[in-house]
2 protein chains.
Amino acid sequence: MKNTATTQIIDNITDIKERIREFKEKKLVIGLVPTMGALHIGHESLIQKAKEECDMVITSIFVNPTQFGPMEDFNKYPRQLEADREICSKLGVDLIFAPSPEEMYPQGLYSIGIDFTMVVPPAVFQNTLCGISRIGHFNGVATVVLKLLNIINPDKAYFGRKDAQQFVIIKKMVKDLNLPVQIIDCPIIRESDGLACSSRNKYLNEAARKKAGCIYKSLQKVEELYNTGITQTQEVIAQSKELLPTDMEVEYFEALDMDTFLPAKEISKNTLVAIAIKLDGVRLIDNLVI
Amino acid sequence: MKNTATTQIIDNITDIKERIREFKEKKLVIGLVPTMGALHIGHESLIQKAKEECDMVITSIFVNPTQFGPMEDFNKYPRQLEADREICSKLGVDLIFAPSPEEMYPQGLYSIGIDFTMVVPPAVFQNTLCGISRIGHFNGVATVVLKLLNIINPDKAYFGRKDAQQFVIIKKMVKDLNLPVQIIDCPIIRESDGLACSSRNKYLNEAARKKAGCIYKSLQKVEELYNTGITQTQEVIAQSKELLPTDMEVEYFEALDMDTFLPAKEISKNTLVAIAIKLDGVRLIDNLVI
């Protein structure tokens, strides 16, 4: 049954920890859905899965400054706390944790890396795909996720597969650092033309939005070729790229082994095929695991 | 009352977590004393403090390979688990957690930094004192301490002030990453001639051991000069250094602000005066806070 009460927003660490303490006291299973807000049906699917599996579901909404590069869209990133709250209320989220940057980084942002302890994911998982162009991005992601896990202390935390590299890095962090949480991955949710749901889709103008469906079509082409027995990565990627419009700037279109994250010369079971493009100034990512 | 039963040694993460779960179930306050073994009266003072403040005291004994440099004394570092267990039993330690390197780093040590998530303390706290000569040492320390905290989930963890830089870095990590643990620092315990207790004191031959008392005397000289109104760091250190024998190689002898960890031009309240020397091939550290 859906909870139709308005979900409470907590903006500070002391209060959320106190509420968590009460939940733990009652031995409730806690699920965390960490987000940067601007919730879409992809996030909704994570929340729904958490609702199925947990007694209490907490959604964190925090546009984390430490995972944006200086030239990236931190300031422009969509913020819509009241609309997000409505979605959370509709889905029966028990609490929203929406701290300010000052609450999460009280020493100030100027000092990150100099005067702040960071979590640094393994080089082998960082130095590929989005890690190439987004220097330091995954240090920021891993650090803020660890902070959120320490604050909320959930039994389970939910991440979408669209950010495949992020998901793999977080799974690795949890294993390497013995974090007492179960990481749950959820499939990519797509719009009707196949475009993966993303808060950044809002940035697209109408013409760009029409073209964006090709991203997924190019990934489907990879699978199609693989199914017909064409497995040599270079050839498969070259053919699949032809489905992308010429004004789409391809940042990467690569095949990796999902476990080792090393380049795959041949497409096979467990190959991650990942793509990042820029269209009309908007950077979008998508992927598919064979 | 002292517990005279032999303290149980647990060598794997699954079993220790199960025991911790039982303690938590009973709402017992858990204290962790992380050590590399070769327990001396310094460690004993940490354990005693933990016994006073906690219901259950766990001592971890783990010579952590990731905090030793390739040219350092990892292989030679004293290991004496049975003797350590006797000390723990005498002091009423409830459990010893003594994992193998394989248990803590199942992916193998060759991959640290490449294929392993690390915790990286702030540059400003790393790039001074021991951090200068022991490259990567504090990454190893912070990472293994975070792992131990995640495995044991203690309410309090106890660290000695001898490793002042380590203590400051761990306090900072706990604050920056919102770790749910209280870090307790304990004063330096000294042998009768003032030499700070250290597992590495065992390495000293008789002649070197005799000379080693001068380390603390030189720190005391700093305080003495400060008390007579001589506060200019350069002058104070120069005069204090004169108490050290000529065959003692001084790696550093410095004054820092205890909070910012920046060099202190003047000695004042809250100045950390820290020294590292090499004597007969043995590296020893000591410090004093004004």
# chains A, B, ... in the order shown; residues from 1 in each chain; ligands from 1

call {"tool": "interface_residues", "arguments": {"of": "chain A", "to": "chain B", "cutoff": "8 Å", "atoms": "only C-alpha atoms", "output": "list of chain:residue names"}}
result
A:Tyr105, A:Gly113, A:Ile114, A:Asp115, A:Phe116, A:Thr117, A:Met118, A:Val119, A:Val120, A:Pro121, A:Pro122, A:Ala123, A:Val124, A:Phe125, A:Thr143, A:Leu146, A:Lys147, A:Asn150, A:Ile151, A:Lys172, A:Met173, A:Asp176, A:Leu177, A:Asn178, A:Leu179, A:Pro180

call {"tool": "select_by_dssp", "arguments": {"residues": "segment 93-265 of chain B", "states": "strand (DSSP E)", "output": "MDAnalysis selection string"}}
result
chainID B and resid 95:97 118:120 156:160 182:186 249:257

call {"tool": "write_last_selection", "arguments": {"atoms": "N, CA and C atoms", "output": "PDB file, in the first residue's frame"}}
result
ATOM      1  N   LEU B  95      38.546 -10.460  22.868  1.00  0.00           N
ATOM      2  CA  LEU B  95      38.836 -11.173  21.623  1.00  0.00           C
ATOM      3  C   LEU B  95      40.064 -10.555  20.962  1.00  0.00           C
ATOM      4  N   ILE B  96      40.859 -11.398  20.348  1.00  0.00           N
ATOM      5  CA  ILE B  96      41.942 -10.916  19.487  1.00  0.00           C
ATOM      6  C   ILE B  96      41.521 -11.182  18.045  1.00  0.00           C
ATOM      7  N   PHE B  97      41.618 -10.153  17.218  1.00  0.00           N
ATOM      8  CA  PHE B  97      41.377 -10.350  15.782  1.00  0.00           C
ATOM      9  C   PHE B  97      42.737 -10.295  15.103  1.00  0.00           C
ATOM     10  N   MET B 118      41.742   2.759  -2.157  1.00  0.00           N
ATOM     11  CA  MET B 118      42.550   3.258  -1.042  1.00  0.00           C
ATOM     12  C   MET B 118      41.902   4.486  -0.418  1.00  0.00           C
ATOM     13  N   VAL B 119      42.198   4.686   0.855  1.00  0.00           N
ATOM     14  CA  VAL B 119      41.830   5.928   1.527  1.00  0.00           C
ATOM     15  C   VAL B 119      43.083   6.804   1.528  1.00  0.00           C
ATOM     16  N   VAL B 120      42.935   8.028   1.054  1.00  0.00           N
ATOM     17  CA  VAL B 120      44.090   8.915   0.932  1.00  0.00           C
ATOM     18  C   VAL B 120      43.898  10.128   1.845  1.00  0.00           C
ATOM     19  N   LYS B 156      34.350   2.828  20.251  1.00  0.00           N
ATOM     20  CA  LYS B 156      35.557   3.616  20.494  1.00  0.00           C
ATOM     21  C   LYS B 156      36.777   2.869  19.966  1.00  0.00           C
ATOM     22  N   ALA B 157      37.747   3.625  19.467  1.00  0.00           N
ATOM     23  CA  ALA B 157      39.010   3.015  19.038  1.00  0.00           C
ATOM     24  C   ALA B 157      40.146   3.807  19.668  1.00  0.00           C
ATOM     25  N   TYR B 158      41.182   3.102  20.097  1.00  0.00           N
ATOM     26  CA  TYR B 158      42.242   3.676  20.931  1.00  0.00           C
ATOM     27  C   TYR B 158      43.567   3.726  20.184  1.00  0.00           C
ATOM     28  N   PHE B 159      44.171   4.904  20.186  1.00  0.00           N
ATOM     29  CA  PHE B 159      45.453   5.103  19.504  1.00  0.00           C
ATOM     30  C   PHE B 159      46.426   5.839  20.426  1.00  0.00           C
ATOM     31  N   GLY B 160      47.702   5.488  20.320  1.00  0.00           N
ATOM     32  CA  GLY B 160      48.733   6.140  21.141  1.00  0.00           C
ATOM     33  C   GLY B 160      49.205   7.427  20.482  1.00  0.00           C
ATOM     34  N   GLN B 182      34.255   6.834  17.985  1.00  0.00           N
ATOM     35  CA  GLN B 182      34.958   7.859  18.749  1.00  0.00           C
ATOM     36  C   GLN B 182      36.438   7.456  18.843  1.00  0.00           C
ATOM     37  N   ILE B 183      37.314   8.353  18.450  1.00  0.00           N
ATOM     38  CA  ILE B 183      38.751   8.047  18.508  1.00  0.00           C
ATOM     39  C   ILE B 183      39.308   8.585  19.828  1.00  0.00           C
ATOM     40  N   ILE B 184      39.935   7.688  20.585  1.00  0.00           N
ATOM     41  CA  ILE B 184      40.481   8.063  21.892  1.00  0.00           C
ATOM     42  C   ILE B 184      41.999   8.032  21.794  1.00  0.00           C
ATOM     43  N   ASP B 185      42.635   9.130  22.201  1.00  0.00           N
ATOM     44  CA  ASP B 185      44.094   9.127  22.176  1.00  0.00           C
ATOM     45  C   ASP B 185      44.634   8.922  23.588  1.00  0.00           C
ATOM     46  N   CYS B 186      45.740   8.253  23.659  1.00  0.00           N
ATOM     47  CA  CYS B 186      46.340   7.935  24.951  1.00  0.00           C
ATOM     48  C   CYS B 186      47.780   8.446  24.956  1.00  0.00           C
ATOM     49  N   GLU B 249      71.386   9.735  13.359  1.00  0.00           N
ATOM     50  CA  GLU B 249      71.003  10.438  12.134  1.00  0.00           C
ATOM     51  C   GLU B 249      69.587  11.019  12.328  1.00  0.00           C
ATOM     52  N   VAL B 250      69.491  12.339  12.268  1.00  0.00           N
ATOM     53  CA  VAL B 250      68.179  12.969  12.500  1.00  0.00           C
ATOM     54  C   VAL B 250      67.430  13.091  11.170  1.00  0.00           C
ATOM     55  N   GLU B 251      66.308  12.383  11.060  1.00  0.00           N
ATOM     56  CA  GLU B 251      65.513  12.477   9.828  1.00  0.00           C
ATOM     57  C   GLU B 251      64.707  13.768   9.834  1.00  0.00           C
ATOM     58  N   TYR B 252      64.068  14.049  10.943  1.00  0.00           N
ATOM     59  CA  TYR B 252      63.441  15.365  11.119  1.00  0.00           C
ATOM     60  C   TYR B 252      63.389  15.695  12.607  1.00  0.00           C
ATOM     61  N   PHE B 253      63.338  16.976  12.882  1.00  0.00           N
ATOM     62  CA  PHE B 253      63.163  17.481  14.249  1.00  0.00           C
ATOM     63  C   PHE B 253      62.443  18.801  14.019  1.00  0.00           C
ATOM     64  N   GLU B 254      61.123  18.769  14.133  1.00  0.00           N
ATOM     65  CA  GLU B 254      60.324  19.885  13.642  1.00  0.00           C
ATOM     66  C   GLU B 254      59.235  20.306  14.610  1.00  0.00           C
ATOM     67  N   ALA B 255      58.802  21.531  14.430  1.00  0.00           N
ATOM     68  CA  ALA B 255      57.691  22.062  15.214  1.00  0.00           C
ATOM     69  C   ALA B 255      56.547  22.427  14.275  1.00  0.00           C
ATOM     70  N   LEU B 256      55.358  21.904  14.583  1.00  0.00           N
ATOM     71  CA  LEU B 256      54.172  22.141  13.741  1.00  0.00           C
ATOM     72  C   LEU B 256      53.020  22.607  14.622  1.00  0.00           C
ATOM     73  N   ASP B 257      52.096  23.321  14.021  1.00  0.00           N
ATOM     74  CA  ASP B 257      50.849  23.600  14.722  1.00  0.00           C
ATOM     75  C   ASP B 257      50.033  22.303  14.755  1.00  0.00           C
TER      76      ASP B 257
END

call {"tool": "residues_around", "arguments": {"residues": "Ala38 of chain B", "least_positions_apart": "4", "cutoff": "12 Å", "atoms": "only C-alpha atoms", "output": "PDB file with N, CA and C atoms, in the first residue's frame"}}
result
ATOM      1  N   GLY B  42      53.108   0.361  26.259  1.00  0.00           N
ATOM      2  CA  GLY B  42      52.320   1.395  25.585  1.00  0.00           C
ATOM      3  C   GLY B  42      50.970   0.833  25.152  1.00  0.00           C
ATOM      4  N   HIS B  43      51.016  -0.314  24.464  1.00  0.00           N
ATOM      5  CA  HIS B  43      49.766  -0.981  24.069  1.00  0.00           C
ATOM      6  C   HIS B  43      48.925  -1.344  25.301  1.00  0.00           C
ATOM      7  N   GLU B  44      49.634  -1.804  26.350  1.00  0.00           N
ATOM      8  CA  GLU B  44      48.894  -2.200  27.562  1.00  0.00           C
ATOM      9  C   GLU B  44      48.084  -1.038  28.108  1.00  0.00           C
ATOM     10  N   SER B  60      43.119  -5.842  17.788  1.00  0.00           N
ATOM     11  CA  SER B  60      43.493  -6.422  16.503  1.00  0.00           C
ATOM     12  C   SER B  60      45.013  -6.466  16.421  1.00  0.00           C
ATOM     13  N   ILE B  61      45.507  -7.555  15.885  1.00  0.00           N
ATOM     14  CA  ILE B  61      46.951  -7.736  15.704  1.00  0.00           C
ATOM     15  C   ILE B  61      47.161  -8.037  14.234  1.00  0.00           C
ATOM     16  N   PHE B  62      47.714  -7.070  13.532  1.00  0.00           N
ATOM     17  CA  PHE B  62      47.871  -7.253  12.084  1.00  0.00           C
ATOM     18  C   PHE B  62      49.041  -6.387  11.622  1.00  0.00           C
ATOM     19  N   VAL B  63      50.111  -7.037  11.198  1.00  0.00           N
ATOM     20  CA  VAL B  63      51.240  -6.305  10.627  1.00  0.00           C
ATOM     21  C   VAL B  63      50.839  -5.998   9.188  1.00  0.00           C
ATOM     22  N   LYS B  76      60.838  -8.243   8.720  1.00  0.00           N
ATOM     23  CA  LYS B  76      61.591  -8.355   9.972  1.00  0.00           C
ATOM     24  C   LYS B  76      60.782  -7.883  11.185  1.00  0.00           C
ATOM     25  N   TYR B  77      59.650  -7.211  10.944  1.00  0.00           N
ATOM     26  CA  TYR B  77      58.853  -6.649  12.043  1.00  0.00           C
ATOM     27  C   TYR B  77      58.501  -7.759  13.041  1.00  0.00           C
ATOM     28  N   PRO B  78      58.674  -7.522  14.357  1.00  0.00           N
ATOM     29  CA  PRO B  78      58.484  -8.623  15.322  1.00  0.00           C
ATOM     30  C   PRO B  78      57.061  -9.189  15.319  1.00  0.00           C
ATOM     31  N   ARG B  79      56.971 -10.512  15.272  1.00  0.00           N
ATOM     32  CA  ARG B  79      55.679 -11.206  15.339  1.00  0.00           C
ATOM     33  C   ARG B  79      55.756 -12.215  16.481  1.00  0.00           C
ATOM     34  N   GLN B  80      54.860 -12.128  17.426  1.00  0.00           N
ATOM     35  CA  GLN B  80      54.918 -12.958  18.637  1.00  0.00           C
ATOM     36  C   GLN B  80      53.515 -13.165  19.170  1.00  0.00           C
ATOM     37  N   LEU B  81      52.685 -13.821  18.342  1.00  0.00           N
ATOM     38  CA  LEU B  81      51.253 -13.903  18.643  1.00  0.00           C
ATOM     39  C   LEU B  81      50.977 -14.549  19.994  1.00  0.00           C
ATOM     40  N   GLU B  82      51.733 -15.600  20.343  1.00  0.00           N
ATOM     41  CA  GLU B  82      51.437 -16.272  21.620  1.00  0.00           C
ATOM     42  C   GLU B  82      51.773 -15.380  22.814  1.00  0.00           C
ATOM     43  N   ALA B  83      52.901 -14.675  22.736  1.00  0.00           N
ATOM     44  CA  ALA B  83      53.265 -13.742  23.815  1.00  0.00           C
ATOM     45  C   ALA B  83      52.232 -12.614  23.904  1.00  0.00           C
ATOM     46  N   ASP B  84      51.797 -12.145  22.749  1.00  0.00           N
ATOM     47  CA  ASP B  84      50.777 -11.084  22.732  1.00  0.00           C
ATOM     48  C   ASP B  84      49.468 -11.572  23.360  1.00  0.00           C
ATOM     49  N   ARG B  85      49.149 -12.821  23.051  1.00  0.00           N
ATOM     50  CA  ARG B  85      47.911 -13.381  23.602  1.00  0.00           C
ATOM     51  C   ARG B  85      47.978 -13.458  25.128  1.00  0.00           C
ATOM     52  N   GLU B  86      49.167 -13.773  25.644  1.00  0.00           N
ATOM     53  CA  GLU B  86      49.314 -13.818  27.118  1.00  0.00           C
ATOM     54  C   GLU B  86      49.042 -12.453  27.735  1.00  0.00           C
ATOM     55  N   ILE B  87      49.597 -11.437  27.099  1.00  0.00           N
ATOM     56  CA  ILE B  87      49.374 -10.067  27.600  1.00  0.00           C
ATOM     57  C   ILE B  87      47.889  -9.723  27.526  1.00  0.00           C
ATOM     58  N   CYS B  88      47.266 -10.056  26.398  1.00  0.00           N
ATOM     59  CA  CYS B  88      45.830  -9.771  26.237  1.00  0.00           C
ATOM     60  C   CYS B  88      45.008 -10.513  27.281  1.00  0.00           C
ATOM     61  N   CYS B 197      58.025   3.897  24.356  1.00  0.00           N
ATOM     62  CA  CYS B 197      57.842   2.473  24.070  1.00  0.00           C
ATOM     63  C   CYS B 197      57.498   2.282  22.598  1.00  0.00           C
ATOM     64  N   SER B 198      58.129   1.313  21.977  1.00  0.00           N
ATOM     65  CA  SER B 198      57.886   0.994  20.578  1.00  0.00           C
ATOM     66  C   SER B 198      58.303  -0.445  20.339  1.00  0.00           C
ATOM     67  N   SER B 199      57.553  -1.117  19.474  1.00  0.00           N
ATOM     68  CA  SER B 199      57.923  -2.493  19.134  1.00  0.00           C
ATOM     69  C   SER B 199      59.299  -2.528  18.482  1.00  0.00           C
ATOM     70  N   ARG B 200      59.702  -1.417  17.871  1.00  0.00           N
ATOM     71  CA  ARG B 200      60.991  -1.385  17.181  1.00  0.00           C
ATOM     72  C   ARG B 200      62.168  -1.226  18.152  1.00  0.00           C
ATOM     73  N   ASN B 201      61.893  -0.904  19.427  1.00  0.00           N
ATOM     74  CA  ASN B 201      63.003  -0.797  20.396  1.00  0.00           C
ATOM     75  C   ASN B 201      63.748  -2.126  20.520  1.00  0.00           C
ATOM     76  N   LYS B 202      63.047  -3.211  20.246  1.00  0.00           N
ATOM     77  CA  LYS B 202      63.654  -4.546  20.291  1.00  0.00           C
ATOM     78  C   LYS B 202      64.848  -4.674  19.355  1.00  0.00           C
ATOM     79  N   TYR B 203      64.834  -3.896  18.271  1.00  0.00           N
ATOM     80  CA  TYR B 203      65.904  -3.993  17.272  1.00  0.00           C
ATOM     81  C   TYR B 203      67.217  -3.425  17.790  1.00  0.00           C
TER      82      TYR B 203
END

call {"tool": "select_by_dssp", "arguments": {"residues": "segment 19-227 of chain A", "states": "helix (DSSP H, G or I)", "output": "JSON, numbers by chain"}}
result
{"A": [19, 20, 21, 22, 23, 24, 25, 41, 42, 43, 44, 45, 46, 47, 48, 49, 50, 51, 52, 53, 65, 66, 67, 81, 82, 83, 84, 85, 86, 87, 88, 89, 90, 91, 101, 102, 103, 104, 109, 110, 111, 123, 124, 125, 126, 130, 131, 132, 133, 137, 138, 139, 140, 141, 142, 143, 144, 145, 146, 147, 148, 149, 150, 151, 152, 164, 165, 166, 167, 168, 169, 170, 171, 172, 173, 174, 175, 176, 199, 200, 201, 202, 203, 206, 207, 208, 209, 210, 211, 212, 213, 214, 215, 216, 217, 218, 219, 220, 221, 222, 223, 224, 225, 226, 227]}

call {"tool": "atom_distance", "arguments": {"atom1": "atom CA of Gly229 of chain B", "atom2": "atom CA of Lys269 of chain B"}}
result
12.4 Å

call {"tool": "residues_around", "arguments": {"residues": "segment 49-58 of chain A", "least_positions_apart": "4", "cutoff": "7 Å", "atoms": "only C-alpha atoms", "output": "PDB file with C-alpha atoms, in the first residue's frame"}}
result
ATOM      1  CA  LEU A  28      14.089  -2.212  10.659  1.00  0.00           C
ATOM      2  CA  VAL A  29      15.861  -3.009   7.403  1.00  0.00           C
ATOM      3  CA  ILE A  30      17.027   0.285   5.904  1.00  0.00           C
ATOM      4  CA  GLY A  31      17.383   0.930   2.178  1.00  0.00           C
ATOM      5  CA  LEU A  32      19.247   3.938   0.793  1.00  0.00           C
ATOM      6  CA  VAL A  33      18.719   5.317  -2.701  1.00  0.00           C
ATOM      7  CA  SER A  45      12.558   2.114 -10.259  1.00  0.00           C
ATOM      8  CA  VAL A  93       9.859   7.102   0.679  1.00  0.00           C
ATOM      9  CA  ASP A  94      10.169   7.390   4.459  1.00  0.00           C
ATOM     10  CA  LEU A  95      12.756  10.158   4.654  1.00  0.00           C
ATOM     11  CA  ILE A  96      14.639  12.425   2.287  1.00  0.00           C
TER      12      ILE A  96
END

call {"tool": "residues_around", "arguments": {"residues": "segment 280-287 of chain A", "least_positions_apart": "4", "cutoff": "9 Å", "atoms": "only C-alpha atoms", "output": "PyMOL selection string"}}
result
chain A and resi 130+161-164+188+195-196+198+200-201+203-205+208+212+215-216+219+247-248+251+272-276

call {"tool": "write_last_selection", "arguments": {"atoms": "N, CA and C atoms", "output": "mmCIF file, in the first residue's frame"}}
result
data_model
loop_
_atom_site.group_PDB
_atom_site.id
_atom_site.type_symbol
_atom_site.label_atom_id
_atom_site.label_comp_id
_atom_site.auth_asym_id
_atom_site.auth_seq_id
_atom_site.Cartn_x
_atom_site.Cartn_y
_atom_site.Cartn_z
ATOM 1 N N CYS A 130 34.513 7.068 -18.604
ATOM 2 C CA CYS A 130 34.293 8.437 -18.113
ATOM 3 C C CYS A 130 35.492 8.978 -17.319
ATOM 4 N N ARG A 161 22.216 0.865 -13.263
ATOM 5 C CA ARG A 161 23.240 0.313 -14.150
ATOM 6 C C ARG A 161 23.674 1.285 -15.242
ATOM 7 N N LYS A 162 22.926 2.405 -15.396
ATOM 8 C CA LYS A 162 23.326 3.348 -16.437
ATOM 9 C C LYS A 162 24.748 3.847 -16.167
ATOM 10 N N ASP A 163 25.008 4.159 -14.891
ATOM 11 C CA ASP A 163 26.357 4.565 -14.521
ATOM 12 C C ASP A 163 27.151 3.303 -14.205
ATOM 13 N N ALA A 164 27.478 2.558 -15.245
ATOM 14 C CA ALA A 164 28.078 1.231 -15.067
ATOM 15 C C ALA A 164 29.422 1.325 -14.349
ATOM 16 N N ILE A 188 18.827 -0.429 -16.399
ATOM 17 C CA ILE A 188 18.626 0.884 -16.997
ATOM 18 C C ILE A 188 17.152 1.026 -17.400
ATOM 19 N N LEU A 195 16.165 5.964 -25.308
ATOM 20 C CA LEU A 195 17.124 6.834 -24.612
ATOM 21 C C LEU A 195 17.113 6.513 -23.115
ATOM 22 N N ALA A 196 18.287 6.271 -22.560
ATOM 23 C CA ALA A 196 18.377 5.965 -21.132
ATOM 24 C C ALA A 196 17.946 7.179 -20.320
ATOM 25 N N SER A 198 17.919 9.999 -17.768
ATOM 26 C CA SER A 198 18.999 10.742 -17.112
ATOM 27 C C SER A 198 18.488 12.127 -16.782
ATOM 28 N N ARG A 200 20.108 14.637 -17.058
ATOM 29 C CA ARG A 200 20.679 15.540 -18.059
ATOM 30 C C ARG A 200 19.867 15.564 -19.367
ATOM 31 N N ASN A 201 18.931 14.620 -19.542
ATOM 32 C CA ASN A 201 18.098 14.650 -20.755
ATOM 33 C C ASN A 201 17.313 15.960 -20.851
ATOM 34 N N TYR A 203 18.359 18.815 -20.539
ATOM 35 C CA TYR A 203 19.155 19.848 -21.205
ATOM 36 C C TYR A 203 18.938 19.857 -22.721
ATOM 37 N N LEU A 204 18.449 18.723 -23.267
ATOM 38 C CA LEU A 204 18.395 18.567 -24.730
ATOM 39 C C LEU A 204 17.300 19.434 -25.345
ATOM 40 N N ASN A 205 17.626 20.120 -26.430
ATOM 41 C CA ASN A 205 16.559 20.806 -27.165
ATOM 42 C C ASN A 205 15.806 19.763 -28.015
ATOM 43 N N ALA A 208 17.796 17.827 -30.719
ATOM 44 C CA ALA A 208 18.790 16.931 -30.114
ATOM 45 C C ALA A 208 18.092 15.729 -29.481
ATOM 46 N N ALA A 212 18.692 11.627 -30.012
ATOM 47 C CA ALA A 212 19.336 10.909 -28.902
ATOM 48 C C ALA A 212 18.961 9.432 -28.836
ATOM 49 N N ILE A 215 21.522 6.580 -29.692
ATOM 50 C CA ILE A 215 22.585 6.064 -28.810
ATOM 51 C C ILE A 215 22.289 4.603 -28.477
ATOM 52 N N TYR A 216 21.059 4.358 -28.041
ATOM 53 C CA TYR A 216 20.699 2.993 -27.675
ATOM 54 C C TYR A 216 20.662 2.096 -28.899
ATOM 55 N N LEU A 219 23.918 0.689 -29.538
ATOM 56 C CA LEU A 219 24.264 -0.397 -28.599
ATOM 57 C C LEU A 219 23.538 -1.685 -28.976
ATOM 58 N N ASP A 247 26.679 14.798 -36.373
ATOM 59 C CA ASP A 247 26.946 15.894 -35.431
ATOM 60 C C ASP A 247 26.976 15.424 -33.983
ATOM 61 N N MET A 248 26.958 14.116 -33.783
ATOM 62 C CA MET A 248 27.085 13.567 -32.431
ATOM 63 C C MET A 248 28.568 13.270 -32.197
ATOM 64 N N GLU A 251 32.589 10.470 -27.429
ATOM 65 C CA GLU A 251 33.737 10.566 -26.503
ATOM 66 C C GLU A 251 34.398 9.197 -26.369
ATOM 67 N N LEU A 272 31.056 -5.475 -21.272
ATOM 68 C CA LEU A 272 30.352 -4.208 -21.090
ATOM 69 C C LEU A 272 30.643 -3.336 -22.311
ATOM 70 N N VAL A 273 29.585 -2.975 -23.028
ATOM 71 C CA VAL A 273 29.748 -2.053 -24.148
ATOM 72 C C VAL A 273 29.218 -0.705 -23.680
ATOM 73 N N ALA A 274 30.083 0.290 -23.653
ATOM 74 C CA ALA A 274 29.720 1.574 -23.047
ATOM 75 C C ALA A 274 29.987 2.701 -24.026
ATOM 76 N N ILE A 275 29.121 3.705 -23.966
ATOM 77 C CA ILE A 275 29.242 4.824 -24.899
ATOM 78 C C ILE A 275 29.018 6.136 -24.158
ATOM 79 N N ALA A 276 29.784 7.154 -24.544
ATOM 80 C CA ALA A 276 29.533 8.523 -24.076
ATOM 81 C C ALA A 276 29.571 9.419 -25.306
#

call {"tool": "decode", "arguments": {"residues": "segment 105-118 of chain A", "atoms": "N, CA and C atoms", "output": "short mmCIF file (atom, residue, chain, number, x, y, z; two decimals), in the first residue's frame"}}
result
data_model
loop_
_atom_site.label_atom_id
_atom_site.label_comp_id
_atom_site.auth_asym_id
_atom_site.auth_seq_id
_atom_site.Cartn_x
_atom_site.Cartn_y
_atom_site.Cartn_z
N TYR A 105 30.53 19.09 3.55
CA TYR A 105 31.95 19.49 3.48
C TYR A 105 32.16 20.75 4.32
N PRO A 106 32.09 20.61 5.64
CA PRO A 106 32.12 21.81 6.50
C PRO A 106 33.45 22.57 6.44
N GLN A 107 34.49 21.91 6.00
CA GLN A 107 35.78 22.60 5.94
C GLN A 107 35.89 23.46 4.68
N GLY A 108 34.88 23.41 3.84
CA GLY A 108 34.90 24.22 2.62
C GLY A 108 35.40 23.41 1.44
N LEU A 109 35.01 23.81 0.26
CA LEU A 109 35.32 23.01 -0.93
C LEU A 109 36.70 23.30 -1.48
N TYR A 110 37.23 24.47 -1.16
CA TYR A 110 38.55 24.84 -1.67
C TYR A 110 39.61 23.84 -1.26
N SER A 111 39.33 23.13 -0.17
CA SER A 111 40.39 22.31 0.42
C SER A 111 40.34 20.84 0.03
N ILE A 112 39.34 20.45 -0.78
CA ILE A 112 39.22 19.04 -1.17
C ILE A 112 40.54 18.57 -1.81
N GLY A 113 41.04 17.45 -1.35
CA GLY A 113 42.28 16.90 -1.91
C GLY A 113 43.51 17.42 -1.19
N ILE A 114 43.42 18.62 -0.63
CA ILE A 114 44.55 19.17 0.11
C ILE A 114 44.33 18.94 1.59
N ASP A 115 43.13 19.31 2.03
CA ASP A 115 42.83 19.26 3.46
C ASP A 115 41.63 18.36 3.73
N PHE A 116 41.44 17.34 2.90
CA PHE A 116 40.26 16.49 3.06
C PHE A 116 40.63 15.05 2.70
N THR A 117 40.17 14.11 3.50
CA THR A 117 40.44 12.70 3.26
C THR A 117 39.58 12.22 2.09
N MET A 118 40.21 11.60 1.11
CA MET A 118 39.45 11.12 -0.06
C MET A 118 39.54 9.60 -0.17
#
